[in-house]
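Scroll down for the structure; my scribbles are underneath it.
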Amino acid sequence: MLNGKNILLGVTGGIAAYKTTFLVRLLIKAGARVRVILTERAGDFVSPLTLATLSKNPVLTSFVNEKEESTDWNNHVELGLWADLMLIAPATANTLSKMANGTCDNLLLAAYLSAKCPVFFAPAMDLDMYKHPSSTTSFEKLQSYGNVMIPATSGELASGLQGEGRMAEPEDIVIFVKNHLSEGLILSGKKVLITGGPTHEAIDPVRYIGNRASGQMGFELAKTAVDLGAEVILVSGPTHCTVDHESILLQKVISAEEMYQAVHEHYPDADIVICAAAVADYRPKSAADQKIKKNEAALSLELVKTKDILLSLGKLKKKQYLVGFALETENELENAKSKLKRKHLDAIVLNSLNDTGAGFGTPTNKITFLDKNSAIIPFELKEKAEVAKDIFSEIIARYHA
Ligand code: CTP
């Protein structure tokens, strides 16, 4: 949710400012780019050097950099436009009152007034200040401007008193912001289960039966689902693809049987399920315990069918919107339609090996989306990331929770 986002963090002069070191770390860890503006007094509570080091950007305090002979001007308009999100934490009573009334006597306030992005503020003050009608008025006014308040919590305050007014903990601020941002997304609150990659079926401890699937399609589908607000479980066979996103649970498996078990564990809770894995259809009846020696002129392997994961999901289907893949070399449409029916699917994504750039081991794919109501929607050859977006827009157009 915060990956790649530009976050402008405004820190004002309260004791909770020391906690912004943790906040900056969490934001950076979530993949955000962070720039910090301190008010003059905030620097008494937290070191600008610490925040500059953690945010990997110089910390800004005034309109003009204080270095001698500096002609650099910290352009608040540019900062306001740069930000995808502005967060003021801790927000003191003084700064909140100024924000509410349009006072503009420091860089933070000028950037606030220039910001076009969503603005969040996390008040921090002593309990009587927090309850004072003028603070309440500031909170209400700011919320009426569309700013989002991250309420203070109760506990021991710096004054030694107990009560409401503690800035929300950095972890909770990050969760709050993420939840708020995801609320408007179309797959927010939905669980998407995806299979991807090949499976490897062991012959002996060093050899296996596999296929050329790269796994990229499944990973692109997972990333797209997360961008749409979903929580994703990606069950993937062996692949070089990687993903590091807290909304993607990556469950690595090797064989078709392991994939079957993992998928069924998550299936009951899933809302949308896409089986993009190239599951081996057959496996050796038994894997040798030791490496097979080349003593014989010929070697026969007895193969048995693996469980058809997609078919088993189709049979159990309740609320899930179930999508399969079909990789075909002949009678493409007919084969895809019959798989869609036989496996009780809601839709199937067809790719033909006859199309250059489609299918396995390529960064591109050319698909046709077919649904159970006989719709057939062909797409151009595209990068797999774009293909994943096309697939989700077709699913979303049909999926009704
Ligand atoms: N699939 C699966 N488990 C298997 C085999 C396939 O879940 N053991 C899924 C794939 O992930 C894909 C779909 O079934 O979504 C189509 O797989 P494919 O191998 O093309 O179809 P099959 O039904 O196995 O038919 P055939 O191999 O005869 O073309």
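Following the order of the structure tokens, first chain is A, next is B, and so on, with residues numbered from 1 inside each chain and ligands from 1 in the order they appear.
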
### Message
Just want the residues within 10 Å of ligand 1, written as a PyMOL selection string, counting only C-alpha atoms and all ligand atoms.
### Response
chain A and resi 194-199+256-257+259-260+263+274-283+305-314+322-330+332+335-336+338-340+342-343+345+348-351

### Query
If you run DSSP on the backbone, which residues of stretch 134-222 of chain A are strand (DSSP E or B), as a PyMOL selection string?
chain A and resi 148-149+153-156+162-166+191-196+198+201-202+208-209

### Polymer residues at most 6 Å from stretch 287-298 of chain A, only C-alpha atoms, same-chain spacing of 2 or more positions, as a ChimeraX atom specification
/A:202-205

Can you tell me which residues surround stretch 178-190 of chain A at a distance of at most 6 Å, considering only C-alpha atoms, apart from same-chain residues fewer than 3 positions away, and format the answer as a PDB file with C-alpha atoms, in the first residue's frame?
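As a result, selection.pdb now contains:
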```
ATOM      1  CA  ILE A 175      -1.593   0.404   9.986  1.00  0.00           C
ATOM      2  CA  LEU A 228      -6.345  -3.431  -5.981  1.00  0.00           C
ATOM      3  CA  GLY A 229      -6.467  -3.751  -2.182  1.00  0.00           C
ATOM      4  CA  ALA A 230      -6.689  -7.548  -1.779  1.00  0.00           C
TER       5      ALA A 230
END
```

Would you tabulate, counting only C-alpha atoms, all residues of stretch 129-179 of chain A that have an atom at most 12 Å from an atom of stretch 85-96 of chain A, showing the closest pair of atoms and their distance in Å to one decimal, sorted by chain then ascending number, as a Markdown table?
```
| residue | atom | partner | partner_atom | distance |
| --- | --- | --- | --- | --- |
| A:Met129 | CA | A:Ala93 | CA | 7.4 |
| A:Tyr130 | CA | A:Ala93 | CA | 7.8 |
| A:Lys131 | CA | A:Ala93 | CA | 10.7 |
| A:His132 | CA | A:Ala93 | CA | 9.7 |
| A:Pro133 | CA | A:Ala93 | CA | 11.2 |
| A:Ser134 | CA | A:Ala93 | CA | 8.7 |
| A:Ser135 | CA | A:Ala93 | CA | 6.3 |
| A:Thr136 | CA | A:Ala93 | CA | 9.8 |
| A:Thr137 | CA | A:Leu96 | CA | 9.8 |
| A:Ser138 | CA | A:Leu96 | CA | 6.1 |
| A:Phe139 | CA | A:Leu96 | CA | 7.5 |
| A:Glu140 | CA | A:Leu96 | CA | 10.6 |
| A:Lys141 | CA | A:Leu96 | CA | 9.6 |
| A:Leu142 | CA | A:Leu96 | CA | 8.0 |
| A:Gln143 | CA | A:Leu96 | CA | 11.2 |
| A:Asn147 | CA | A:Met86 | CA | 9.6 |
| A:Val148 | CA | A:Leu87 | CA | 9.3 |
| A:Met149 | CA | A:Ile88 | CA | 9.7 |
| A:Ile150 | CA | A:Ala89 | CA | 9.2 |
| A:Pro151 | CA | A:Ala91 | CA | 10.8 |
| A:Ala152 | CA | A:Pro90 | CA | 9.7 |
| A:Gly165 | CA | A:Thr92 | CA | 10.2 |
| A:Arg166 | CA | A:Pro90 | CA | 9.3 |
| A:Met167 | CA | A:Pro90 | CA | 6.4 |
| A:Ala168 | CA | A:Pro90 | CA | 8.8 |
| A:Glu169 | CA | A:Ala89 | CA | 10.3 |
| A:Pro170 | CA | A:Ala89 | CA | 9.2 |
| A:Ile173 | CA | A:Ala89 | CA | 9.0 |
| A:Val174 | CA | A:Leu87 | CA | 10.2 |
| A:Phe176 | CA | A:Leu87 | CA | 11.5 |
| A:Val177 | CA | A:Leu87 | CA | 9.1 |
| A:Lys178 | CA | A:Leu85 | CA | 11.1 |
```

### Message
So that I can check the secondary structure, give me every residue of stretch 58-130 of chain A assigned helix (DSSP H, G or I) by backbone DSSP, as a PyMOL selection string.
### Response
chain A and resi 76-82+93-101+107-114+127-130

Go ahead and save the picked residues with C-alpha atoms, as a JSON list (two decimals), in the first residue's frame.
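The new file out-v5.json reads:
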```json
[["chain", "number", "residue", "atom", "x", "y", "z"],
["A", 76, "HIS", "CA", 7.00, 24.37, -0.06],
["A", 77, "VAL", "CA", 4.91, 24.24, -3.23],
["A", 78, "GLU", "CA", 7.24, 21.66, -4.75],
["A", 79, "LEU", "CA", 7.15, 19.66, -1.49],
["A", 80, "GLY", "CA", 3.37, 19.80, -1.37],
["A", 81, "LEU", "CA", 3.13, 18.56, -4.96],
["A", 82, "TRP", "CA", 5.79, 15.89, -4.46],
["A", 93, "ALA", "CA", -2.03, 21.78, 19.81],
["A", 94, "ASN", "CA", -0.14, 24.79, 18.51],
["A", 95, "THR", "CA", 0.45, 23.40, 15.01],
["A", 96, "LEU", "CA", -3.06, 21.95, 14.75],
["A", 97, "SER", "CA", -4.55, 25.32, 15.64],
["A", 98, "LYS", "CA", -2.38, 27.03, 13.03],
["A", 99, "MET", "CA", -3.31, 24.43, 10.40],
["A", 100, "ALA", "CA", -6.99, 24.88, 11.21],
["A", 101, "ASN", "CA", -6.73, 28.65, 10.88],
["A", 107, "LEU", "CA", 7.90, 25.57, 6.32],
["A", 108, "LEU", "CA", 5.73, 22.76, 7.65],
["A", 109, "LEU", "CA", 2.61, 24.94, 7.61],
["A", 110, "ALA", "CA", 3.40, 26.31, 4.16],
["A", 111, "ALA", "CA", 3.85, 22.77, 2.83],
["A", 112, "TYR", "CA", 0.58, 21.74, 4.52],
["A", 113, "LEU", "CA", -1.29, 24.57, 2.84],
["A", 114, "SER", "CA", 0.29, 23.64, -0.50],
["A", 127, "LEU", "CA", -4.88, 15.18, 28.59],
["A", 128, "ASP", "CA", -6.40, 18.55, 29.49],
["A", 129, "MET", "CA", -5.01, 20.12, 26.32],
["A", 130, "TYR", "CA", -6.45, 17.24, 24.29]]
```

### Task
Mind giving me the straight-line distance from atom CA of A:Ser286 to atom CA of A:Ser214 in Å, one decimal?
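Atom-to-atom, atom CA of A:Ser286 and atom CA of A:Ser214 are spaced 25.9 Å apart.
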
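One finds atom CA of A:Asp355 at 16.4 Å from atom CA of A:Met217.
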